[in-house]
Structures are given as C-alpha cells and as structure tokens.
Amino acid sequence: MLIIVGTVPDLNLGLLIGRSELKGRRLIVDKTDIPVQRGTPALIASACRVCEVSGAEPPLALLVGDIGLGHGSRELYAYLTEHIREYTFSTIVFHYLQPDVDWHCKVLFSLQELQQQPTLIADAGFMYAAKMSGYAGEYDLFTPDIGEMAFLADEKAPHPFYTRGFILHEQNKVEDLISRAYHHNNAARNLLIKGATDLVVSGGDIIERVNEPMVEALEAMGGTGDTVTGMAAALIYSGLDITKACTLAARTNRLAGKLASPTPASQVTDIIEQIPAALSF
Amino acid sequence: MRLIRRVIQNLKSRFRNGSQHGLGLLVFENTSEVIRAEQILKKEGCDVSVKGPPPELRKGCDLVIEFQLVEELRVRRALQKQGASALDVVPLNSELLQPVDIFQTRDFGDYLMVRAANMKITVDKRSTVIVNISGGGCPDVPYLAQEMVGKKLQDAPTPGDIGHTLCGYALQLAYEEIQQQC
C-alpha cells in the first residue's frame, strides 16, 4: 500500500483517512470532496493517475485541515505516532505539514519500530523538519526544488527562509549544493531536485539530468513540484527502482506540461489530466 | 508552553549579565503573532526586525523580533494597546539568523514572477491579477494560494495579514517586491 500524509487548507476539516479516488478533476477521500489545486491534493491526484495506468491500488490518504496554525498537523502527527503500526504499507510520503522537529522525530521513531521498513519519502514542510532534526539520512527520497536544495546545503538554516545568501546565490552550482548537503548529512539517500534541469541524485552522485521537453511556464505554476513527487511515489510503489522512478516522473511531468500547453496562469489540474497520455509516450 | 517558558528562563540566566549589543528578543507563541506584532511595532515607528531564534528556542518554523532593549517599555505598550503581547523578552548576545533578502525576478512577457526564498508569486502585468503562487512547504501556502490567486494585487488579502508561517512571511516579501515592480 502507498500512504500519502499531508494537509488541506480547510480549517474545518478534521482527520480524514481513506482510499483516494479521482473523479474527473475532483479528489474524493472518505466521501469528502477535496479541491485539487496544489499541495497534497495535487500530489495525491497525480499518484492516482499513475496508479490507474500501472494497475496499482490507489493511495491511502491521511489528511487533516491546516491553514498554517499547526493544529491540524499536530493532530495528524499524534495519530501517526500512535497508529502507524496498524497499517501495512510499502511506501509512505510526507508532504505539507507544519515543520516541527519534535513531532517529526516521534513519527520517525514509530516508523523505525515497524518490522518491514517502508520506503520513506519526504517533501515540503516535513522534509524541512527531517533536515533540521539531523535524521535526513534515514529517508530514501527527498524531492526539493532548487531553492530548497540550497536550504539542505546550508547546515545552519532551520528553514529555507534562513538560507544564507552566499549559498542561495544563483551562481552557485547545484553540484556544490549537493556535495555540501551530503557532507553535512542533510540529504536523503536519493534526491529528485526539481528545476530547469531536473536532477536525480543517489548517494551524492548525479545519476540523471532531465531537461526535455522544456516548458518554461511550469516554473510559475503552483503544484507542479507536487505532481512530480506524487508520480515518483506511485512509480516506486508500483515496483520501479527509486532513481528510475524519479527519472520517469520528471520526464512525465514535463511531457504532461507540454501536452497541456500551459501559460504561467494555468492551473495544475491541466497537467494532472495529461499524466496518463504522457506516461504512454 | 511550559517547555518554552523553561527555555526562556535558561536563556535569561545565561544572559543575566546583560546583552552585548543592547538588543533584545520578543518571543511569541507562533509565527502569525510575530507577523502581527511586527506590523504593530513598525507602525509605531519602533526599530525592529524579524530574525531567526537562537537554537535554544528553535522548533522548525520560528521567528522572533529583535528590538532595542532600551525601547522595551515603548514596545510592550505598543503591543498592549493593540491587544498583543510577547511570551517573554530575552536579552540578546549572540548572532541571529538573518531572513533571506535575495529576490529573483523572471519576466514571462505578459507575466512577472518574483521569488523570495522558497516562495514564488506570479502576476499578470496587464491586469495585476495574481495568477499563481508556488513553492514553500508550510501548510498556509495552499491556503494563501486559495485566498489570493485570481485577485488583483491591490484587492487580495496580504500574506502578512492571513499567513502564519515562515513560508507565509517569505511570500509577503515576494508580494511587496512584485507590488513595487508592477
């Protein structure tokens, strides 16, 4: 089973657990209709599309409402700490959650008690907490964009907001950022770095560079990083090796983007609709 | 809350001989309170800046307000007047993390995108409508996008008013920058 953990920007939404179902552009979890605009719903929707194509069962979503105050995230962290051992799963993705090092560690330690270790994937706020905790190396995959890569490379920054200028500077080579992140044990075993050229990294070495097709508008669109992570997770869950899954996800996202002919004003649902077609290329 | 108070007590005893630079920190329970307090204090003309907390106070998504200790009374009064209050005041004698201050701008022709730290905002230059918000990892990012996308820059709620996290604060900086450029 693939589990996806994250938040929805709805203050009134409590803990929501259920199989994900994509109906057109609507995501349904436990009979609740969730708008797919960006963030975790976009990640889940793209994973659903990959599962449709691969024939795998759709992901189990563990969601909660949170608009940044952290209450929902903490409720979800507490649930995970207490109940995660009741689930049988091979892959788990942590996404938009309020970064909280103490709760992150409680969740990670609960996962480490499982007899069968799942593939651990972290992105967004949970990745920030994983890096700050000093346990980044316990993860199988991080999926940062280039700005977040600079944050991983800065051993002193507790959040991308504090990435020091000399590291963040555009002229820094991404190879140097990767090397610095691994040197300070602030990277997962594998990285999928999302940018003008997507990089697939394993153990500090760049395995693949994906830069075709180039769809410049994708950089401005909210949620296009979420779709890459969702696809990579679903492909890993479907049995692909992590680096191959990341390479295919990066290529498919670009192809889906090209098929959608986006402008910087397009929305990510346009891309998600094209995923099955892009995967068939 | 009890843990935060204990850490503050430790910091106070560490720094009881006074600060090196005459600066103090206002510590709040969460980032949205910091953002609100900063707005109040800046309106009052207080010399304040938002910084990263010292490691002892860090949880993962934190800000503190640095101010001139000599202005403590004025600062407390300004906050109190607006119904806000800091958890505590701590003298400062170590260097704090600086928020990011590098902006990257990308011109797509009809659209302009500004990036601050990990947050990006894109505006249609012809109409000043916010067409996209992307990046970030804290849970208010999807919320901010939901509330701001589709509205004109001058009509949209600002991240400073409705955001709660460091990502929200970074978006506020990008928002201010793109307002200047549009």
# chains A, B, ... in the order shown; residues from 1 in each chain; ligands from 1
$ select_by_dssp --residues "segment 101-242 of chain A" --states "alpha helix (DSSP H)" --output "count of residues only"
59
$ residues_around --residues "Ala86 of chain B" --least-positions-apart "2" --cutoff "9 Å" --atoms "only C-alpha atoms" --output "list of chain:residue names"
B:Leu26, B:Val27, B:Phe28, B:Glu29, B:Glu33, B:Val34, B:Ala37, B:Arg76, B:Leu79, B:Ala84, B:Asp88, B:Val89
$ write_last_selection --atoms "C-alpha atoms" --output "mmCIF file, in the first residue's frame"
data_model
loop_
_atom_site.group_PDB
_atom_site.id
_atom_site.type_symbol
_atom_site.label_atom_id
_atom_site.label_comp_id
_atom_site.auth_asym_id
_atom_site.auth_seq_id
_atom_site.Cartn_x
_atom_site.Cartn_y
_atom_site.Cartn_z
ATOM 1 C CA LEU B 26 10.482 39.347 21.718
ATOM 2 C CA VAL B 27 9.398 35.727 21.866
ATOM 3 C CA PHE B 28 5.897 34.741 20.717
ATOM 4 C CA GLU B 29 3.934 31.549 20.708
ATOM 5 C CA GLU B 33 1.714 36.518 16.272
ATOM 6 C CA VAL B 34 5.222 37.612 15.291
ATOM 7 C CA ALA B 37 3.492 42.267 16.284
ATOM 8 C CA ARG B 76 5.404 46.482 25.352
ATOM 9 C CA LEU B 79 1.730 45.767 21.689
ATOM 10 C CA ALA B 84 -0.943 41.692 21.563
ATOM 11 C CA ASP B 88 8.665 36.983 27.057
ATOM 12 C CA VAL B 89 11.569 39.337 26.448
#
$ interface_residues --of "chain A" --to "chain B" --cutoff "8 Å" --atoms "only C-alpha atoms" --output "PyMOL selection string"
chain A and resi 7-10+38-39+66-70+95-102+123-126+128-129+132+147-148+157-165+217+220-223+225+264-267
$ write_last_selection --atoms "C-alpha atoms" --output "short mmCIF file (atom, residue, chain, number, x, y, z; two decimals), in the first residue's frame"
data_model
loop_
_atom_site.label_atom_id
_atom_site.label_comp_id
_atom_site.auth_asym_id
_atom_site.auth_seq_id
_atom_site.Cartn_x
_atom_site.Cartn_y
_atom_site.Cartn_z
CA THR A 7 -2.78 18.78 4.83
CA VAL A 8 -5.67 20.53 3.12
CA PRO A 9 -6.23 24.31 3.51
CA ASP A 10 -9.58 23.93 5.27
CA ARG A 38 -1.98 22.40 -5.42
CA GLY A 39 -0.31 20.95 -2.34
CA ASP A 66 -4.46 23.12 8.46
CA ILE A 67 -4.06 26.70 7.25
CA GLY A 68 -0.66 27.20 8.83
CA LEU A 69 -1.54 27.43 12.51
CA GLY A 70 -0.20 23.90 13.01
CA HIS A 95 4.18 16.36 2.47
CA TYR A 96 2.71 19.74 3.54
CA LEU A 97 2.90 19.53 7.33
CA GLN A 98 3.86 22.21 9.81
CA PRO A 99 7.62 21.69 10.32
CA ASP A 100 8.04 20.54 13.90
CA VAL A 101 11.22 18.73 14.83
CA ASP A 102 9.90 17.07 18.00
CA ASP A 123 8.82 16.74 0.60
CA ALA A 124 7.73 20.26 1.67
CA GLY A 125 7.36 21.01 5.39
CA PHE A 126 8.06 17.50 6.58
CA TYR A 128 12.29 20.74 6.35
CA ALA A 129 11.73 19.10 9.75
CA MET A 132 16.57 20.11 10.81
CA GLY A 147 15.72 26.82 -3.55
CA GLU A 148 15.08 24.00 -1.09
CA ALA A 157 19.43 27.04 8.19
CA PRO A 158 16.42 25.63 10.08
CA HIS A 159 14.04 26.67 7.27
CA PRO A 160 14.52 27.83 3.64
CA PHE A 161 13.66 31.33 4.85
CA TYR A 162 17.05 31.49 6.60
CA THR A 163 19.22 30.07 3.82
CA ARG A 164 22.33 32.18 3.83
CA GLY A 165 22.85 34.42 0.80
CA ALA A 217 5.64 28.20 -17.72
CA ALA A 220 5.47 29.69 -12.20
CA MET A 221 2.65 27.19 -11.75
CA GLY A 222 1.72 26.17 -8.24
CA GLY A 223 1.62 22.40 -7.71
CA GLY A 225 6.50 20.11 -7.91
CA PRO A 264 2.13 30.96 -16.27
CA ALA A 265 -1.56 31.41 -15.37
CA SER A 266 -2.50 27.74 -15.95
CA GLN A 267 -3.52 25.55 -13.02
#
$ closest_residue --among "A:Ile17, A:Met231, A:Leu43, A:Ile121" --to "His83 of chain A" --atoms "only C-alpha atoms"
A:Ile17
$ select_by_dssp --residues "chain B" --states "strand (DSSP E)" --output "PyMOL selection string"
chain B and resi 23-27+48-51+64-68+88-92+103-107+111-116+119-124+130-135
$ write_last_selection --atoms "N, CA and C atoms" --output "compact mmCIF listing (two decimals), in the first residue's frame"
# COMPACT_ATOMS: atom_id res chain seq x y z
N LEU B 23 20.54 44.73 22.45
CA LEU B 23 19.37 44.26 21.71
C LEU B 23 18.62 43.21 22.52
N GLY B 24 17.34 43.13 22.26
CA GLY B 24 16.54 42.12 22.93
C GLY B 24 15.69 41.37 21.93
N LEU B 25 15.12 40.25 22.39
CA LEU B 25 14.24 39.46 21.54
C LEU B 25 12.85 39.41 22.14
N LEU B 26 11.86 39.59 21.30
CA LEU B 26 10.48 39.35 21.72
C LEU B 26 10.12 37.94 21.24
N VAL B 27 9.71 37.12 22.19
CA VAL B 27 9.40 35.73 21.87
C VAL B 27 7.88 35.56 21.87
N VAL B 48 12.58 47.71 14.77
CA VAL B 48 12.53 46.27 14.99
C VAL B 48 12.86 45.53 13.70
N SER B 49 13.32 44.29 13.84
CA SER B 49 13.49 43.45 12.66
C SER B 49 13.22 41.99 13.05
N VAL B 50 12.75 41.26 12.06
CA VAL B 50 12.39 39.87 12.29
C VAL B 50 13.61 38.99 12.03
N LYS B 51 13.89 38.08 12.93
CA LYS B 51 15.08 37.22 12.81
C LYS B 51 14.73 35.78 13.16
N VAL B 64 11.52 35.47 15.62
CA VAL B 64 11.46 36.33 16.81
C VAL B 64 11.64 37.77 16.32
N ILE B 65 11.32 38.71 17.18
CA ILE B 65 11.52 40.12 16.82
C ILE B 65 12.68 40.69 17.62
N GLU B 66 13.64 41.22 16.89
CA GLU B 66 14.79 41.86 17.53
C GLU B 66 14.47 43.34 17.71
N PHE B 67 14.79 43.89 18.86
CA PHE B 67 14.48 45.30 19.11
C PHE B 67 15.54 45.90 20.03
N GLN B 68 15.52 47.22 20.13
CA GLN B 68 16.45 47.91 21.02
C GLN B 68 15.94 47.76 22.45
N ASP B 88 7.63 36.46 26.17
CA ASP B 88 8.67 36.98 27.06
C ASP B 88 9.66 37.84 26.29
N VAL B 89 10.52 38.51 27.04
CA VAL B 89 11.57 39.34 26.45
C VAL B 89 12.91 38.79 26.91
N VAL B 90 13.81 38.56 25.94
CA VAL B 90 15.10 37.94 26.27
C VAL B 90 16.22 38.84 25.75
N PRO B 91 17.17 39.21 26.59
CA PRO B 91 18.32 39.97 26.09
C PRO B 91 19.12 39.11 25.11
N LEU B 92 19.74 39.76 24.17
CA LEU B 92 20.43 39.02 23.12
C LEU B 92 21.93 39.27 23.19
N PHE B 103 16.01 38.54 -3.92
CA PHE B 103 14.83 38.33 -4.75
C PHE B 103 15.28 37.96 -6.16
N GLN B 104 14.56 37.01 -6.74
CA GLN B 104 14.83 36.66 -8.13
C GLN B 104 13.58 36.96 -8.93
N THR B 105 13.76 37.69 -10.02
CA THR B 105 12.62 38.08 -10.84
C THR B 105 12.73 37.42 -12.20
N ARG B 106 11.58 36.93 -12.69
CA ARG B 106 11.58 36.34 -14.03
C ARG B 106 10.42 36.94 -14.83
N ASP B 107 10.76 37.43 -16.02
CA ASP B 107 9.76 38.07 -16.86
C ASP B 107 9.33 37.09 -17.95
N TYR B 111 3.54 38.07 -18.06
CA TYR B 111 3.52 37.68 -16.65
C TYR B 111 4.87 37.97 -15.99
N LEU B 112 4.81 38.34 -14.73
CA LEU B 112 6.04 38.59 -13.97
C LEU B 112 6.04 37.68 -12.74
N MET B 113 7.18 37.04 -12.50
CA MET B 113 7.28 36.15 -11.33
C MET B 113 8.40 36.66 -10.42
N VAL B 114 8.12 36.74 -9.12
CA VAL B 114 9.16 37.10 -8.14
C VAL B 114 9.29 35.97 -7.15
N ARG B 115 10.55 35.65 -6.86
CA ARG B 115 10.82 34.59 -5.89
C ARG B 115 11.54 35.19 -4.68
N ALA B 116 11.09 34.85 -3.47
CA ALA B 116 11.82 35.18 -2.24
C ALA B 116 11.96 33.89 -1.46
N MET B 119 9.53 30.86 -1.97
CA MET B 119 8.17 31.22 -2.40
C MET B 119 8.18 32.03 -3.68
N LYS B 120 7.22 31.73 -4.55
CA LYS B 120 7.11 32.46 -5.81
C LYS B 120 5.69 32.98 -6.00
N ILE B 121 5.60 34.19 -6.54
CA ILE B 121 4.29 34.77 -6.86
C ILE B 121 4.35 35.27 -8.30
N THR B 122 3.29 35.00 -9.07
CA THR B 122 3.26 35.39 -10.47
C THR B 122 2.02 36.24 -10.73
N VAL B 123 2.25 37.35 -11.42
CA VAL B 123 1.18 38.32 -11.66
C VAL B 123 1.06 38.60 -13.15
N ASP B 124 -0.17 38.74 -13.62
CA ASP B 124 -0.43 39.18 -14.99
C ASP B 124 -0.17 40.69 -15.03
N ILE B 130 -3.17 38.23 -9.61
CA ILE B 130 -2.24 37.17 -9.18
C ILE B 130 -2.70 35.87 -9.84
N VAL B 131 -1.84 35.29 -10.67
CA VAL B 131 -2.26 34.10 -11.42
C VAL B 131 -1.72 32.81 -10.80
N ASN B 132 -0.65 32.91 -10.03
CA ASN B 132 -0.11 31.69 -9.42
C ASN B 132 0.74 32.01 -8.20
N ILE B 133 0.71 31.08 -7.26
CA ILE B 133 1.60 31.13 -6.09
C ILE B 133 2.17 29.73 -5.97
N SER B 134 3.47 29.62 -5.87
CA SER B 134 4.05 28.28 -5.81
C SER B 134 5.26 28.26 -4.89
N GLY B 135 5.75 27.05 -4.65
CA GLY B 135 6.89 26.85 -3.75
C GLY B 135 6.42 26.66 -2.32
$ residues_around --residues "Lys23 of chain A" --least-positions-apart "4" --cutoff "10 Å" --atoms "only C-alpha atoms" --output "count of residues only"
4
$ residues_around --residues "segment 187-204 of chain A" --least-positions-apart "3" --cutoff "6 Å" --atoms "only C-alpha atoms" --output "PDB file with N, CA and C atoms, in the first residue's frame"
ATOM      1  N   ALA A 136      18.034  13.273   8.268  1.00  0.00           N
ATOM      2  CA  ALA A 136      17.743  13.251   6.826  1.00  0.00           C
ATOM      3  C   ALA A 136      18.188  11.936   6.194  1.00  0.00           C
ATOM      4  N   GLY A 137      19.313  11.420   6.661  1.00  0.00           N
ATOM      5  CA  GLY A 137      19.875  10.197   6.086  1.00  0.00           C
ATOM      6  C   GLY A 137      19.015   8.967   6.292  1.00  0.00           C
ATOM      7  N   TYR A 139      16.005   8.813   5.369  1.00  0.00           N
ATOM      8  CA  TYR A 139      14.979   8.832   4.323  1.00  0.00           C
ATOM      9  C   TYR A 139      15.522   8.292   2.998  1.00  0.00           C
ATOM     10  N   ASP A 140      14.619   7.693   2.228  1.00  0.00           N
ATOM     11  CA  ASP A 140      15.020   7.149   0.927  1.00  0.00           C
ATOM     12  C   ASP A 140      14.998   8.221  -0.150  1.00  0.00           C
ATOM     13  N   LEU A 141      14.093   9.184  -0.019  1.00  0.00           N
ATOM     14  CA  LEU A 141      13.984  10.185  -1.085  1.00  0.00           C
ATOM     15  C   LEU A 141      13.479  11.522  -0.544  1.00  0.00           C
ATOM     16  N   PHE A 142      14.188  12.583  -0.897  1.00  0.00           N
ATOM     17  CA  PHE A 142      13.708  13.959  -0.741  1.00  0.00           C
ATOM     18  C   PHE A 142      13.478  14.506  -2.153  1.00  0.00           C
ATOM     19  N   THR A 143      12.490  15.394  -2.285  1.00  0.00           N
ATOM     20  CA  THR A 143      12.221  15.964  -3.611  1.00  0.00           C
ATOM     21  C   THR A 143      12.206  17.501  -3.545  1.00  0.00           C
ATOM     22  N   PRO A 144      13.366  18.111  -3.294  1.00  0.00           N
ATOM     23  CA  PRO A 144      13.426  19.583  -3.169  1.00  0.00           C
ATOM     24  C   PRO A 144      13.422  20.265  -4.529  1.00  0.00           C
ATOM     25  N   ASP A 145      12.992  21.542  -4.552  1.00  0.00           N
ATOM     26  CA  ASP A 145      13.288  22.343  -5.740  1.00  0.00           C
ATOM     27  C   ASP A 145      14.659  22.979  -5.498  1.00  0.00           C
ATOM     28  N   ILE A 146      15.099  23.805  -6.424  1.00  0.00           N
ATOM     29  CA  ILE A 146      16.475  24.298  -6.333  1.00  0.00           C
ATOM     30  C   ILE A 146      16.672  25.199  -5.105  1.00  0.00           C
ATOM     31  N   ALA A 181      25.311  19.329   0.994  1.00  0.00           N
ATOM     32  CA  ALA A 181      24.201  18.698   1.735  1.00  0.00           C
ATOM     33  C   ALA A 181      24.595  17.303   2.211  1.00  0.00           C
ATOM     34  N   TYR A 182      25.251  16.536   1.363  1.00  0.00           N
ATOM     35  CA  TYR A 182      25.669  15.183   1.777  1.00  0.00           C
ATOM     36  C   TYR A 182      26.794  15.248   2.807  1.00  0.00           C
ATOM     37  N   ILE A 207      22.737  10.951 -11.115  1.00  0.00           N
ATOM     38  CA  ILE A 207      22.512   9.764 -11.949  1.00  0.00           C
ATOM     39  C   ILE A 207      21.870  10.149 -13.279  1.00  0.00           C
ATOM     40  N   GLU A 208      20.954  11.110 -13.230  1.00  0.00           N
ATOM     41  CA  GLU A 208      20.246  11.518 -14.450  1.00  0.00           C
ATOM     42  C   GLU A 208      20.017  13.023 -14.441  1.00  0.00           C
ATOM     43  N   ARG A 209      20.027  13.615 -15.625  1.00  0.00           N
ATOM     44  CA  ARG A 209      19.629  15.009 -15.814  1.00  0.00           C
ATOM     45  C   ARG A 209      18.485  15.006 -16.813  1.00  0.00           C
ATOM     46  N   VAL A 210      17.376  15.589 -16.430  1.00  0.00           N
ATOM     47  CA  VAL A 210      16.196  15.614 -17.304  1.00  0.00           C
ATOM     48  C   VAL A 210      15.866  17.068 -17.626  1.00  0.00           C
ATOM     49  N   ASN A 211      15.977  17.440 -18.896  1.00  0.00           N
ATOM     50  CA  ASN A 211      15.657  18.833 -19.241  1.00  0.00           C
ATOM     51  C   ASN A 211      14.803  18.964 -20.490  1.00  0.00           C
TER      52      ASN A 211
END
$ atom_distance --atom1 "atom CA of Asp161 of chain B" --atom2 "atom CA of Tyr77 of chain A"
26.9 Å
$ closest_residue --among "A:Asp241, A:Glu175, A:Glu52, A:Asp226" --to "Thr119 of chain A" --atoms "only C-alpha atoms"
A:Asp241
$ atom_distance --atom1 "atom CA of Leu279 of chain A" --atom2 "atom CA of Thr32 of chain A"
28.2 Å
$ atom_distance --atom1 "atom CA of Cys246 of chain A" --atom2 "atom CA of Ala232 of chain A"
5.1 Å
$ decode --residues "segment 62-167 of chain A" --atoms "C-alpha atoms" --output "compact mmCIF listing (two decimals), in the first residue's frame"
# COMPACT_ATOMS: atom_id res chain seq x y z
CA LEU A 62 -4.11 10.59 5.69
CA LEU A 63 -5.20 14.21 5.62
CA VAL A 64 -6.11 16.97 8.01
CA GLY A 65 -7.19 20.59 7.69
CA ASP A 66 -4.46 23.12 8.46
CA ILE A 67 -4.06 26.70 7.25
CA GLY A 68 -0.66 27.20 8.83
CA LEU A 69 -1.54 27.43 12.51
CA GLY A 70 -0.20 23.90 13.01
CA HIS A 71 -3.13 22.47 15.00
CA GLY A 72 -4.16 20.06 12.26
CA SER A 73 -0.57 18.98 11.62
CA ARG A 74 -0.05 18.21 15.30
CA GLU A 75 -3.25 16.16 15.38
CA LEU A 76 -2.01 14.17 12.41
CA TYR A 77 1.48 13.75 13.92
CA ALA A 78 -0.11 12.41 17.09
CA TYR A 79 -2.31 10.00 15.13
CA LEU A 80 0.66 8.71 13.15
CA THR A 81 2.78 8.20 16.26
CA GLU A 82 0.05 6.13 17.86
CA HIS A 83 -1.47 4.26 14.91
CA ILE A 84 1.03 3.92 12.06
CA ARG A 85 1.97 0.41 13.15
CA GLU A 86 -1.61 -0.70 12.47
CA TYR A 87 -1.13 -0.20 8.72
CA THR A 88 0.63 -2.46 6.25
CA PHE A 89 2.34 -0.45 3.55
CA SER A 90 5.47 -0.41 1.41
CA THR A 91 5.81 3.31 0.64
CA ILE A 92 4.91 6.45 2.58
CA VAL A 93 5.08 10.10 1.53
CA PHE A 94 5.09 13.03 3.96
CA HIS A 95 4.18 16.36 2.47
CA TYR A 96 2.71 19.74 3.54
CA LEU A 97 2.90 19.53 7.33
CA GLN A 98 3.86 22.21 9.81
CA PRO A 99 7.62 21.69 10.32
CA ASP A 100 8.04 20.54 13.90
CA VAL A 101 11.22 18.73 14.83
CA ASP A 102 9.90 17.07 18.00
CA TRP A 103 6.85 15.63 16.27
CA HIS A 104 8.90 14.63 13.25
CA CYS A 105 11.19 12.56 15.46
CA LYS A 106 8.26 10.86 17.22
CA VAL A 107 6.81 9.85 13.86
CA LEU A 108 10.17 8.68 12.51
CA PHE A 109 10.87 6.58 15.60
CA SER A 110 7.41 4.98 15.31
CA LEU A 111 8.18 4.10 11.69
CA GLN A 112 11.51 2.59 12.69
CA GLU A 113 9.71 0.19 15.01
CA LEU A 114 7.93 -1.43 12.04
CA GLN A 115 9.14 -4.92 11.18
CA GLN A 116 9.17 -4.19 7.44
CA GLN A 117 10.77 -0.85 6.70
CA PRO A 118 8.80 1.13 4.10
CA THR A 119 10.32 3.43 1.50
CA LEU A 120 10.34 6.85 3.18
CA ILE A 121 9.72 9.90 1.00
CA ALA A 122 9.60 13.47 2.32
CA ASP A 123 8.82 16.74 0.60
CA ALA A 124 7.73 20.26 1.67
CA GLY A 125 7.36 21.01 5.39
CA PHE A 126 8.06 17.50 6.58
CA MET A 127 11.32 17.49 4.60
CA TYR A 128 12.29 20.74 6.35
CA ALA A 129 11.73 19.10 9.75
CA ALA A 130 13.58 15.95 8.67
CA LYS A 131 16.61 18.01 7.66
CA MET A 132 16.57 20.11 10.81
CA SER A 133 16.25 17.01 13.01
CA GLY A 134 19.57 15.62 11.77
CA TYR A 135 17.86 12.42 10.55
CA ALA A 136 17.74 13.25 6.83
CA GLY A 137 19.88 10.20 6.09
CA GLU A 138 17.09 7.92 7.36
CA TYR A 139 14.98 8.83 4.32
CA ASP A 140 15.02 7.15 0.93
CA LEU A 141 13.98 10.18 -1.08
CA PHE A 142 13.71 13.96 -0.74
CA THR A 143 12.22 15.96 -3.61
CA PRO A 144 13.43 19.58 -3.17
CA ASP A 145 13.29 22.34 -5.74
CA ILE A 146 16.47 24.30 -6.33
CA GLY A 147 15.72 26.82 -3.55
CA GLU A 148 15.08 24.00 -1.09
CA MET A 149 18.29 22.32 -2.27
CA ALA A 150 20.18 25.42 -1.14
CA PHE A 151 18.42 25.08 2.22
CA LEU A 152 19.52 21.42 2.50
CA ALA A 153 23.05 22.55 1.67
CA ASP A 154 23.07 25.18 4.42
CA GLU A 155 23.88 23.29 7.59
CA LYS A 156 22.84 26.27 9.71
CA ALA A 157 19.43 27.04 8.19
CA PRO A 158 16.42 25.63 10.08
CA HIS A 159 14.04 26.67 7.27
CA PRO A 160 14.52 27.83 3.64
CA PHE A 161 13.66 31.33 4.85
CA TYR A 162 17.05 31.49 6.60
CA THR A 163 19.22 30.07 3.82
CA ARG A 164 22.33 32.18 3.83
CA GLY A 165 22.85 34.42 0.80
CA PHE A 166 26.23 33.05 -0.20
CA ILE A 167 24.66 29.59 -0.54
